[in-house]
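Data block below; observations after.
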There are 2 protein chains.
Amino acid sequence: MTTLRDVARHAGVSIGSVSTVINNTAPVSPTLRAKVLLAIEELGYVPDAVARSLKMGRTRTIGLILPDITNPHFAAIASAIEIACDAAGYSLLLCNTMDNPTKELRDLRLMRTQRVDGVILVPGAGDADYVGELKRAVSVPVVLIDRTLPGFDFDAVVLDNRAASHGLVDYFVRSGHRRIGIVIGPPAISIAEERLGGYLQGLADHGIDVEPAYIARGSFQPEPDYHATARLLALRQRPTAILSTSNHTTIGVMKALLDKGFRCPNDISVAGIDDFVWATAFSPKMTVMAQPITDMGRLAAQRLFGRISGTIDGPAEVLVSAPALLVRESTRPLVD
Amino acid sequence: MTTLRDVARHAGVSIGSVSTVINNTAPVSPTLRAKVLLAIEELGYVPDAVARSLKMGRTRTIGLILPDITNPHFAAIASAIEIACDAAGYSLLLCNTMDNPTKELRDLRLMRTQRVDGVILVPGAGDADYVGELKRAVSVPVVLIDRTLPGFDFDAVVLDNRAASHGLVDYFVRSGHRRIGIVIGPPAISIAEERLGGYLQGLADHGIDVEPAYIARGSFQPEPDYHATARLLALRQRPTAILSTSNHTTIGVMKALLDKGFRCPNDISVAGIDDFVWATAFSPKMTVMAQPITDMGRLAAQRLFGRISGTIDGPAEVLVSAPALLVRESTRPLVD
DNA sequence: TGCCAATCCTGAAACCTTTCAGAGAAAATC
DNA sequence: GATTTTCTCTGAAAGGTTTCAGGATTGGCA
């Protein structure tokens with residue numbers, strides 16, 4: 001590796017001058033600049049970000065911790081954040097927790113030792129240890145995205161989850177449905193409770209009694225949610241409509257319908273939260289509440305950069321995005 | 001931030017001793033160890049990876065450069081690599097090129113300034129500049145995955161792409177199809193040519209003449225491949241089977257069928273390369289050649305770690321994985 | 001008791017950069 | 001022409017760690 005020292009020697013100038021030229025940190029004579037630039041070119045010098053980080057006390061790197069990069073929802077978030085990082089001159093350290101709290105703790109610790117300048121986090125369900133570590137990780141700005149963490153005042157970028165499921169219930173009821181099931185994730189995850197809350201509120205607003213059996217607990221994962229859906233379908237008095245509360249859930253729901261021999265929307269209407277590329281590629285095209293996920297990712301990154309630079313310094317804010325209903329072909333009016 | 005110096009002072013020992021205890025790099029007395037551990041605990045000391053990297057000359061970080069994290073295929077690769085990194089004590093720097101050569105160059109340069117210990121790369125279509133930069137990036141081990149780069153002897157982990165499309169052609173022909181179309185990506189990407197090659201070979205092996213109009217150039221992207229498919233469907237003499245050469249391509253193909261009013265498999269059979277979670281959630285369940293993608297990601301990471309540590313030091317190897325045919329419901333025998 | 005070997009531990013150098021006080025030269029002012 | 005100001009550039013310190021030559025202490029042996 002060639003260093004500043006090599007460049008300086010080769011150009012016949014001091015190390016400090018080379019640094020000055022590279023970073024444009026003070027006026028220099030054209031001669032000096034030319035000599036240095038030439039030397040850099042000839043030696044193929046590339047600055048060492050490690051040494052720079054050590055000296056400067058910041059790494060120009062942020063950490064992204066999410067549950068499952070394999071889920072297109074989180075992949076879209078990652079993509080948006082990566083674009084923002086590129087534009088702002090940040091590098092991106094990626095960690096995938098697989099929804100494993102132990103791994104998440106390890107990742108948080110990794111962020112500390114790596115001295116990232118900030119963290120964007122999709123928090124899992126946190127116990128006491130977790131909460132402690134997260135608090136300590138707070139030496140650096142943290143922005144939550146997608147999910148929140150009760151009791152922590154971090155900036156957060158989230159969907160209006162209650163509105164999302166409430167809107168879907170509204171739509172179902174307007175279409176004549178009253179027996180509406182829901183497949184929902186674990187209570188420890190904030191969005192599960194919020195989406196369930198919107199569903200309950202929606203039913204209440206329309207004067208529909210809650211049928212406990214219509215609330216099927218899954219895990220926001222295709223497999224468990226497949227089984228949760230199967231329970232719904234096995235009911236003596238089946239729902240006529242199912243609210244699927246995430247894209248991975250939708251995979252489980254649709255798979256269950258297919259396997260159990262139900263046609264959608266003829267036998268049962270299904271609407272989901274989250275849009276995805278393949279939603280319109282197969283039968284039926286899915287009716288969904290879409291999240292402005294790219295915007296949300298960008299927003300989270302910009303928020304974090306603002307905190308890091310000090311441009312943003314008020315109290316923590318929760319930025320809430322509105323979902324948009326896309327009516328397609330997995331739902332139909334109930335006529336009987 | 002508390003430093004080694006702080007810990008040393010607090011424990012009443014030397015800096016070197018603290019380092020020794022932390023890294024278990026030499027025998028120390030139980031007393032010393034206890035004092036140091038206690039001090040670390042009390043001060044909440046976390047080692048500084050930046051300083052460590054500077055001193056050691058390695059960062060224990062690898063870079064992953066891929067075209068589109070939003071594509072579940074690459075997301076699966078990323079996930080597998082992340083798991084391998086976690087197990088081996090490496091951090092993962094993620095870059096997303098969006099199939100943009102300029103961005104890819106920038107990412108490569110970023111890897112150099114960040115002093116990553118190695119790079120796993122899904123190369124795009126490279127021009128001269130690109131090739132030069134890549135050559136320079138070679139100061140550090142590079143492992144290619146998914147795609148190769150002609151003329152570079154890097155380790156690579158790839159699918160047997162010819163076998164994948166050849167196998168699909170075989171399957172179609174066995175099912176009675178002879179008018180077989182293909183939707184393929186741009187020629188500059190290695191896998192496109194290989195998959196096209198397997199298709200041509202397959203036809204040849206069965207004594208079927210190549211119909212140029214049946215070869216539809218797309219981009220391995222839903223949108224362009226939708227239009228490529230539409231061209232196939234507009235043919236006077238339509239193919240009875242379509243070979244879709246990537247998962248994103250499959251989205252375009254199926255969408256086009258749906259929009260143009262063709263039923264699959266009744267009107268046209270479709271088989272794709274790449275399996276994906278939602279392949280079995282909708283109608284029709286897709287017949288595909290599945291890649292052992294998780295294995296491939298792990299393999300690439302292990303290969304890279306081996307190169308970095310020097311455990312592996314022979315000439316570059318291309319590790320070829322075999323695809324597996326999963327017959328589902330998007331294909332059917334041709335009876336007429 | 002005296003000496004040597006073995007065992008622990010210390011302290012400073014080095015990794016590559018940024019930053020800044022100040023040296024030296026040129027330009028400006030009286 | 002002497003003095004001050006301005007403009008460039010230099011050189012060294014500092015950032016937190018690892019490493020290693022050597023110092024200090026202990027134990028063993030004659």
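By order of appearance in the structure tokens: chains A, B, ..., then residues from 1 within every chain, and ligands from 1 in the order shown.
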
Using only C-alpha atoms (C1' of nucleotides), which chain C residues lie at most 9 Å away from chain B, written as a PDB file with all heavy atoms, in the first residue's frame?
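This went into iface-v2.pdb:
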```pdb
ATOM      1  P    DC C   8       3.584 -16.932  34.671  1.00  0.00           P
ATOM      2  OP1  DC C   8       2.689 -17.732  35.520  1.00  0.00           O
ATOM      3  OP2  DC C   8       3.617 -17.124  33.199  1.00  0.00           O
ATOM      4  O5'  DC C   8       3.281 -15.396  34.960  1.00  0.00           O
ATOM      5  C5'  DC C   8       4.261 -14.473  34.568  1.00  0.00           C
ATOM      6  C4'  DC C   8       4.052 -13.184  35.310  1.00  0.00           C
ATOM      7  O4'  DC C   8       5.295 -12.481  35.211  1.00  0.00           O
ATOM      8  C3'  DC C   8       2.986 -12.303  34.665  1.00  0.00           C
ATOM      9  O3'  DC C   8       2.416 -11.445  35.634  1.00  0.00           O
ATOM     10  C2'  DC C   8       3.785 -11.550  33.614  1.00  0.00           C
ATOM     11  C1'  DC C   8       5.188 -11.438  34.265  1.00  0.00           C
ATOM     12  N1   DC C   8       6.299 -11.594  33.282  1.00  0.00           N
ATOM     13  C2   DC C   8       7.382 -10.709  33.337  1.00  0.00           C
ATOM     14  O2   DC C   8       7.388  -9.827  34.210  1.00  0.00           O
ATOM     15  N3   DC C   8       8.393 -10.829  32.446  1.00  0.00           N
ATOM     16  C4   DC C   8       8.355 -11.789  31.530  1.00  0.00           C
ATOM     17  N4   DC C   8       9.379 -11.869  30.672  1.00  0.00           N
ATOM     18  C5   DC C   8       7.272 -12.712  31.454  1.00  0.00           C
ATOM     19  C6   DC C   8       6.269 -12.582  32.347  1.00  0.00           C
ATOM     20  P    DC C   9       1.186 -10.463  35.228  1.00  0.00           P
ATOM     21  OP1  DC C   9       0.444 -10.135  36.456  1.00  0.00           O
ATOM     22  OP2  DC C   9       0.514 -11.050  34.062  1.00  0.00           O
ATOM     23  O5'  DC C   9       1.980  -9.159  34.776  1.00  0.00           O
ATOM     24  C5'  DC C   9       2.764  -8.482  35.756  1.00  0.00           C
ATOM     25  C4'  DC C   9       3.572  -7.395  35.100  1.00  0.00           C
ATOM     26  O4'  DC C   9       4.499  -7.987  34.165  1.00  0.00           O
ATOM     27  C3'  DC C   9       2.771  -6.371  34.308  1.00  0.00           C
ATOM     28  O3'  DC C   9       2.846  -5.136  35.005  1.00  0.00           O
ATOM     29  C2'  DC C   9       3.422  -6.328  32.926  1.00  0.00           C
ATOM     30  C1'  DC C   9       4.741  -7.073  33.135  1.00  0.00           C
ATOM     31  N1   DC C   9       5.216  -7.868  31.979  1.00  0.00           N
ATOM     32  C2   DC C   9       6.405  -7.522  31.353  1.00  0.00           C
ATOM     33  O2   DC C   9       7.039  -6.541  31.771  1.00  0.00           O
ATOM     34  N3   DC C   9       6.846  -8.264  30.308  1.00  0.00           N
ATOM     35  C4   DC C   9       6.136  -9.318  29.889  1.00  0.00           C
ATOM     36  N4   DC C   9       6.603 -10.040  28.864  1.00  0.00           N
ATOM     37  C5   DC C   9       4.918  -9.695  30.511  1.00  0.00           C
ATOM     38  C6   DC C   9       4.488  -8.941  31.547  1.00  0.00           C
ATOM     39  P    DT C  10       2.146  -3.820  34.383  1.00  0.00           P
ATOM     40  OP1  DT C  10       1.745  -2.977  35.509  1.00  0.00           O
ATOM     41  OP2  DT C  10       1.181  -4.232  33.355  1.00  0.00           O
ATOM     42  O5'  DT C  10       3.386  -3.134  33.661  1.00  0.00           O
ATOM     43  C5'  DT C  10       4.540  -2.829  34.418  1.00  0.00           C
ATOM     44  C4'  DT C  10       5.569  -2.155  33.534  1.00  0.00           C
ATOM     45  O4'  DT C  10       5.996  -3.071  32.503  1.00  0.00           O
ATOM     46  C3'  DT C  10       5.084  -0.898  32.826  1.00  0.00           C
ATOM     47  O3'  DT C  10       6.032   0.118  33.066  1.00  0.00           O
ATOM     48  C2'  DT C  10       5.012  -1.301  31.344  1.00  0.00           C
ATOM     49  C1'  DT C  10       6.042  -2.409  31.264  1.00  0.00           C
ATOM     50  N1   DT C  10       5.817  -3.469  30.244  1.00  0.00           N
ATOM     51  C2   DT C  10       6.780  -3.681  29.279  1.00  0.00           C
ATOM     52  O2   DT C  10       7.796  -3.031  29.189  1.00  0.00           O
ATOM     53  N3   DT C  10       6.492  -4.706  28.405  1.00  0.00           N
ATOM     54  C4   DT C  10       5.382  -5.533  28.410  1.00  0.00           C
ATOM     55  O4   DT C  10       5.238  -6.415  27.589  1.00  0.00           O
ATOM     56  C5   DT C  10       4.419  -5.248  29.452  1.00  0.00           C
ATOM     57  C7   DT C  10       3.172  -6.080  29.547  1.00  0.00           C
ATOM     58  C6   DT C  10       4.670  -4.251  30.307  1.00  0.00           C
ATOM     59  P    DG C  11       5.632   1.638  32.954  1.00  0.00           P
ATOM     60  OP1  DG C  11       6.340   2.364  34.034  1.00  0.00           O
ATOM     61  OP2  DG C  11       4.166   1.754  32.801  1.00  0.00           O
ATOM     62  O5'  DG C  11       6.321   2.006  31.575  1.00  0.00           O
ATOM     63  C5'  DG C  11       7.675   1.635  31.375  1.00  0.00           C
ATOM     64  C4'  DG C  11       8.042   1.879  29.942  1.00  0.00           C
ATOM     65  O4'  DG C  11       7.631   0.752  29.130  1.00  0.00           O
ATOM     66  C3'  DG C  11       7.390   3.117  29.314  1.00  0.00           C
ATOM     67  O3'  DG C  11       8.399   3.775  28.582  1.00  0.00           O
ATOM     68  C2'  DG C  11       6.297   2.541  28.421  1.00  0.00           C
ATOM     69  C1'  DG C  11       6.892   1.195  28.012  1.00  0.00           C
ATOM     70  N9   DG C  11       5.921   0.145  27.725  1.00  0.00           N
ATOM     71  C8   DG C  11       4.675  -0.020  28.278  1.00  0.00           C
ATOM     72  N7   DG C  11       4.053  -1.087  27.846  1.00  0.00           N
ATOM     73  C5   DG C  11       4.951  -1.663  26.947  1.00  0.00           C
ATOM     74  C6   DG C  11       4.833  -2.839  26.160  1.00  0.00           C
ATOM     75  O6   DG C  11       3.895  -3.628  26.102  1.00  0.00           O
ATOM     76  N1   DG C  11       5.966  -3.061  25.394  1.00  0.00           N
ATOM     77  C2   DG C  11       7.075  -2.250  25.382  1.00  0.00           C
ATOM     78  N2   DG C  11       8.070  -2.621  24.592  1.00  0.00           N
ATOM     79  N3   DG C  11       7.202  -1.140  26.119  1.00  0.00           N
ATOM     80  C4   DG C  11       6.102  -0.917  26.864  1.00  0.00           C
ATOM     81  P    DA C  14       9.691   3.297  15.197  1.00  0.00           P
ATOM     82  OP1  DA C  14      10.873   2.729  14.533  1.00  0.00           O
ATOM     83  OP2  DA C  14       9.503   4.757  15.311  1.00  0.00           O
ATOM     84  O5'  DA C  14       8.381   2.697  14.515  1.00  0.00           O
ATOM     85  C5'  DA C  14       8.098   1.304  14.623  1.00  0.00           C
ATOM     86  C4'  DA C  14       6.677   1.075  14.165  1.00  0.00           C
ATOM     87  O4'  DA C  14       5.778   1.322  15.269  1.00  0.00           O
ATOM     88  C3'  DA C  14       6.220   1.991  13.015  1.00  0.00           C
ATOM     89  O3'  DA C  14       5.702   1.186  11.980  1.00  0.00           O
ATOM     90  C2'  DA C  14       5.155   2.874  13.635  1.00  0.00           C
ATOM     91  C1'  DA C  14       4.659   2.033  14.796  1.00  0.00           C
ATOM     92  N9   DA C  14       4.131   2.788  15.929  1.00  0.00           N
ATOM     93  C8   DA C  14       4.573   3.973  16.442  1.00  0.00           C
ATOM     94  N7   DA C  14       3.874   4.411  17.463  1.00  0.00           N
ATOM     95  C5   DA C  14       2.901   3.434  17.634  1.00  0.00           C
ATOM     96  C6   DA C  14       1.850   3.296  18.550  1.00  0.00           C
ATOM     97  N6   DA C  14       1.585   4.179  19.514  1.00  0.00           N
ATOM     98  N1   DA C  14       1.061   2.208  18.442  1.00  0.00           N
ATOM     99  C2   DA C  14       1.330   1.321  17.473  1.00  0.00           C
ATOM    100  N3   DA C  14       2.285   1.336  16.556  1.00  0.00           N
ATOM    101  C4   DA C  14       3.043   2.428  16.694  1.00  0.00           C
ATOM    102  P    DC C  15       5.562   1.832  10.497  1.00  0.00           P
ATOM    103  OP1  DC C  15       6.329   0.985   9.566  1.00  0.00           O
ATOM    104  OP2  DC C  15       5.804   3.290  10.573  1.00  0.00           O
ATOM    105  O5'  DC C  15       4.007   1.650  10.187  1.00  0.00           O
ATOM    106  C5'  DC C  15       3.322   0.428  10.440  1.00  0.00           C
ATOM    107  C4'  DC C  15       1.848   0.720  10.516  1.00  0.00           C
ATOM    108  O4'  DC C  15       1.529   1.098  11.870  1.00  0.00           O
ATOM    109  C3'  DC C  15       1.410   1.924   9.674  1.00  0.00           C
ATOM    110  O3'  DC C  15       0.916   1.478   8.427  1.00  0.00           O
ATOM    111  C2'  DC C  15       0.317   2.589  10.500  1.00  0.00           C
ATOM    112  C1'  DC C  15       0.387   1.917  11.867  1.00  0.00           C
ATOM    113  N1   DC C  15       0.521   2.851  13.019  1.00  0.00           N
ATOM    114  C2   DC C  15      -0.316   2.708  14.133  1.00  0.00           C
ATOM    115  O2   DC C  15      -1.144   1.794  14.138  1.00  0.00           O
ATOM    116  N3   DC C  15      -0.190   3.576  15.168  1.00  0.00           N
ATOM    117  C4   DC C  15       0.733   4.553  15.108  1.00  0.00           C
ATOM    118  N4   DC C  15       0.818   5.374  16.151  1.00  0.00           N
ATOM    119  C5   DC C  15       1.587   4.707  13.984  1.00  0.00           C
ATOM    120  C6   DC C  15       1.442   3.848  12.977  1.00  0.00           C
ATOM    121  P    DC C  16       1.349   2.291   7.062  1.00  0.00           P
ATOM    122  OP1  DC C  16       1.022   1.440   5.909  1.00  0.00           O
ATOM    123  OP2  DC C  16       2.704   2.809   7.241  1.00  0.00           O
ATOM    124  O5'  DC C  16       0.374   3.546   7.057  1.00  0.00           O
ATOM    125  C5'  DC C  16      -1.009   3.329   6.817  1.00  0.00           C
ATOM    126  C4'  DC C  16      -1.740   4.636   7.055  1.00  0.00           C
ATOM    127  O4'  DC C  16      -1.547   5.045   8.421  1.00  0.00           O
ATOM    128  C3'  DC C  16      -1.255   5.798   6.181  1.00  0.00           C
ATOM    129  O3'  DC C  16      -2.371   6.260   5.437  1.00  0.00           O
ATOM    130  C2'  DC C  16      -0.735   6.831   7.181  1.00  0.00           C
ATOM    131  C1'  DC C  16      -1.456   6.441   8.475  1.00  0.00           C
ATOM    132  N1   DC C  16      -0.717   6.781   9.722  1.00  0.00           N
ATOM    133  C2   DC C  16      -1.394   7.393  10.777  1.00  0.00           C
ATOM    134  O2   DC C  16      -2.584   7.641  10.663  1.00  0.00           O
ATOM    135  N3   DC C  16      -0.708   7.689  11.906  1.00  0.00           N
ATOM    136  C4   DC C  16       0.596   7.397  11.994  1.00  0.00           C
ATOM    137  N4   DC C  16       1.240   7.708  13.126  1.00  0.00           N
ATOM    138  C5   DC C  16       1.300   6.766  10.928  1.00  0.00           C
ATOM    139  C6   DC C  16       0.610   6.472   9.816  1.00  0.00           C
TER     140       DC C  16
END
```

- request: Determine which residues of segment 64-275 of chain A DSSP labels as alpha helix (DSSP H) from the backbone of this structure, then write them out as a PyMOL selection string.
  value: chain A and resi 72-88+101-113+128-137+161-174+190-205+222-234+247-260

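Taking segment 198-282 of chain A and asking which residues DSSP calls strand (DSSP E) on the backbone, you get Ile215, Ala216, Arg217, Ala241, Ile242, Leu243, Ser244, Ser269, Val270, Ala271, Gly272 and Ile273 of chain A.
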
How would the residues just picked look written out with N, CA and C atoms as a short mmCIF file (atom, residue, chain, number, x, y, z; two decimals), in the first residue's frame?
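Output below, filename again-v9.cif:
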```
data_model
loop_
_atom_site.label_atom_id
_atom_site.label_comp_id
_atom_site.auth_asym_id
_atom_site.auth_seq_id
_atom_site.Cartn_x
_atom_site.Cartn_y
_atom_site.Cartn_z
N ILE A 215 -58.97 -14.17 14.70
CA ILE A 215 -57.65 -13.56 14.86
C ILE A 215 -56.61 -14.68 14.95
N ALA A 216 -55.89 -14.87 13.87
CA ALA A 216 -54.93 -15.97 13.81
C ALA A 216 -53.51 -15.44 13.99
N ARG A 217 -52.88 -15.91 15.06
CA ARG A 217 -51.50 -15.48 15.31
C ARG A 217 -50.51 -16.26 14.46
N ALA A 241 -63.46 -12.99 4.26
CA ALA A 241 -62.35 -12.15 3.84
C ALA A 241 -61.21 -12.30 4.84
N ILE A 242 -60.00 -12.25 4.34
CA ILE A 242 -58.84 -12.37 5.22
C ILE A 242 -57.91 -11.18 5.01
N LEU A 243 -57.52 -10.61 6.13
CA LEU A 243 -56.57 -9.50 6.12
C LEU A 243 -55.19 -10.06 6.43
N SER A 244 -54.32 -10.01 5.45
CA SER A 244 -52.96 -10.55 5.61
C SER A 244 -52.04 -9.38 5.91
N SER A 269 -62.00 -13.58 -0.11
CA SER A 269 -61.23 -12.40 -0.50
C SER A 269 -60.00 -12.28 0.40
N VAL A 270 -58.90 -11.85 -0.19
CA VAL A 270 -57.69 -11.61 0.60
C VAL A 270 -57.11 -10.26 0.22
N ALA A 271 -56.78 -9.48 1.23
CA ALA A 271 -56.05 -8.24 0.98
C ALA A 271 -54.87 -8.20 1.94
N GLY A 272 -53.76 -7.66 1.47
CA GLY A 272 -52.56 -7.67 2.30
C GLY A 272 -52.01 -6.29 2.57
N ILE A 273 -51.14 -6.23 3.54
CA ILE A 273 -50.35 -5.02 3.74
C ILE A 273 -48.98 -5.30 3.11
#
```

Residues within 10 Å of Asn247 of chain B, please, as a PDB file with N, CA and C atoms, in the first residue's frame. Count only C-alpha atoms (C1' of nucleotides); anything in the same chain fewer than 4 positions from it doesn't count.
```
ATOM      1  N   TRP A 278     -44.069  -9.031  -7.477  1.00  0.00           N
ATOM      2  CA  TRP A 278     -44.757 -10.150  -8.113  1.00  0.00           C
ATOM      3  C   TRP A 278     -46.257 -10.147  -7.797  1.00  0.00           C
TER       4      TRP A 278
ATOM      5  N   ASN B  71     -33.643  -7.825  -5.512  1.00  0.00           N
ATOM      6  CA  ASN B  71     -33.897  -9.089  -6.184  1.00  0.00           C
ATOM      7  C   ASN B  71     -33.639 -10.229  -5.194  1.00  0.00           C
ATOM      8  N   PRO B  72     -34.664 -11.011  -4.879  1.00  0.00           N
ATOM      9  CA  PRO B  72     -34.536 -12.057  -3.859  1.00  0.00           C
ATOM     10  C   PRO B  72     -33.374 -13.009  -4.115  1.00  0.00           C
ATOM     11  N   HIS B  73     -33.015 -13.148  -5.365  1.00  0.00           N
ATOM     12  CA  HIS B  73     -31.881 -14.001  -5.686  1.00  0.00           C
ATOM     13  C   HIS B  73     -30.604 -13.457  -5.047  1.00  0.00           C
ATOM     14  N   PHE B 220     -33.249  -9.217 -17.769  1.00  0.00           N
ATOM     15  CA  PHE B 220     -33.315  -9.799 -16.426  1.00  0.00           C
ATOM     16  C   PHE B 220     -34.043  -8.857 -15.487  1.00  0.00           C
ATOM     17  N   GLN B 221     -34.993  -8.113 -16.009  1.00  0.00           N
ATOM     18  CA  GLN B 221     -35.796  -7.188 -15.197  1.00  0.00           C
ATOM     19  C   GLN B 221     -37.263  -7.366 -15.580  1.00  0.00           C
ATOM     20  N   PRO B 222     -38.169  -7.250 -14.633  1.00  0.00           N
ATOM     21  CA  PRO B 222     -39.586  -7.493 -14.922  1.00  0.00           C
ATOM     22  C   PRO B 222     -40.096  -6.672 -16.106  1.00  0.00           C
ATOM     23  N   ILE B 251     -41.261 -12.845 -13.495  1.00  0.00           N
ATOM     24  CA  ILE B 251     -42.312 -11.883 -13.148  1.00  0.00           C
ATOM     25  C   ILE B 251     -42.839 -11.211 -14.410  1.00  0.00           C
ATOM     26  N   GLY B 252     -41.917 -10.785 -15.270  1.00  0.00           N
ATOM     27  CA  GLY B 252     -42.334 -10.145 -16.512  1.00  0.00           C
ATOM     28  C   GLY B 252     -43.118 -11.091 -17.409  1.00  0.00           C
ATOM     29  N   VAL B 253     -42.626 -12.318 -17.506  1.00  0.00           N
ATOM     30  CA  VAL B 253     -43.283 -13.306 -18.378  1.00  0.00           C
ATOM     31  C   VAL B 253     -44.703 -13.580 -17.909  1.00  0.00           C
ATOM     32  N   GLY B 272     -39.007 -21.555 -15.328  1.00  0.00           N
ATOM     33  CA  GLY B 272     -38.017 -20.517 -15.077  1.00  0.00           C
ATOM     34  C   GLY B 272     -36.747 -21.054 -14.448  1.00  0.00           C
ATOM     35  N   ILE B 273     -35.739 -20.239 -14.490  1.00  0.00           N
ATOM     36  CA  ILE B 273     -34.538 -20.531 -13.707  1.00  0.00           C
ATOM     37  C   ILE B 273     -34.632 -19.657 -12.463  1.00  0.00           C
ATOM     38  N   ASP B 274     -34.330 -20.220 -11.328  1.00  0.00           N
ATOM     39  CA  ASP B 274     -34.451 -19.599  -9.992  1.00  0.00           C
ATOM     40  C   ASP B 274     -35.767 -20.010  -9.337  1.00  0.00           C
ATOM     41  N   ASP B 275     -35.643 -20.503  -8.136  1.00  0.00           N
ATOM     42  CA  ASP B 275     -36.834 -20.736  -7.327  1.00  0.00           C
ATOM     43  C   ASP B 275     -36.990 -19.514  -6.417  1.00  0.00           C
ATOM     44  N   PHE B 276     -38.150 -19.321  -5.854  1.00  0.00           N
ATOM     45  CA  PHE B 276     -38.363 -18.184  -4.948  1.00  0.00           C
ATOM     46  C   PHE B 276     -39.550 -18.492  -4.055  1.00  0.00           C
ATOM     47  N   ALA B 279     -43.135 -18.744  -5.289  1.00  0.00           N
ATOM     48  CA  ALA B 279     -43.352 -19.560  -6.493  1.00  0.00           C
ATOM     49  C   ALA B 279     -44.499 -20.535  -6.315  1.00  0.00           C
ATOM     50  N   VAL B 288     -39.600 -24.765 -11.976  1.00  0.00           N
ATOM     51  CA  VAL B 288     -38.329 -24.027 -12.060  1.00  0.00           C
ATOM     52  C   VAL B 288     -37.113 -24.932 -11.946  1.00  0.00           C
TER      53      VAL B 288
END
```

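Near chain B, within 8 Å and using only C-alpha atoms (C1' of nucleotides), the residues of chain D are DG16, DT17 and DT18 of chain D.
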
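Distances from B:Ser79, B:Ile182, B:Gly218, B:Asp160 to Pro67 of chain A were compared using only C-alpha atoms, and the smallest one belongs to B:Ser79.
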
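Taking only C-alpha atoms into account, chain B lies nearest to A:Ser139 out of the set A:Ser175, A:Ser139, A:Thr25, A:Asn100.
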
- line: Judged by only C-alpha atoms, the minimum distance to chain B among A:Ser165, A:Ser309, A:Asn96, A:Ser246 is found for A:Asn96

statement: Using only C-alpha atoms, the best pick from A:Thr70, A:Thr61, A:Thr311, A:Gln291 as closest to chain B would be A:Thr70

task: Rank A:Asp205, A:Glu211, A:Asp127, A:Glu223 by their smallest atom-to-atom distance to chain B, using only C-alpha atoms, and report the top residue only.
output: A:Glu223

field: Distance query DA25 of chain C at most 12 Å, only C-alpha atoms (C1' of nucleotides), self and fewer than 5 positions along chain excluded, as a PyMOL selection string
entry: chain D and resi 6-9

task: Tell me, in Å to one decimal, how far atom CA of Glu41 of chain A is from atom CA of Pro123 of chain B.
output: 25.6 Å

- request: Have a look at B:His248, B:His206, B:Arg307, B:Arg9 and name the one nearest to chain A; count only C-alpha atoms.
  value: B:His248
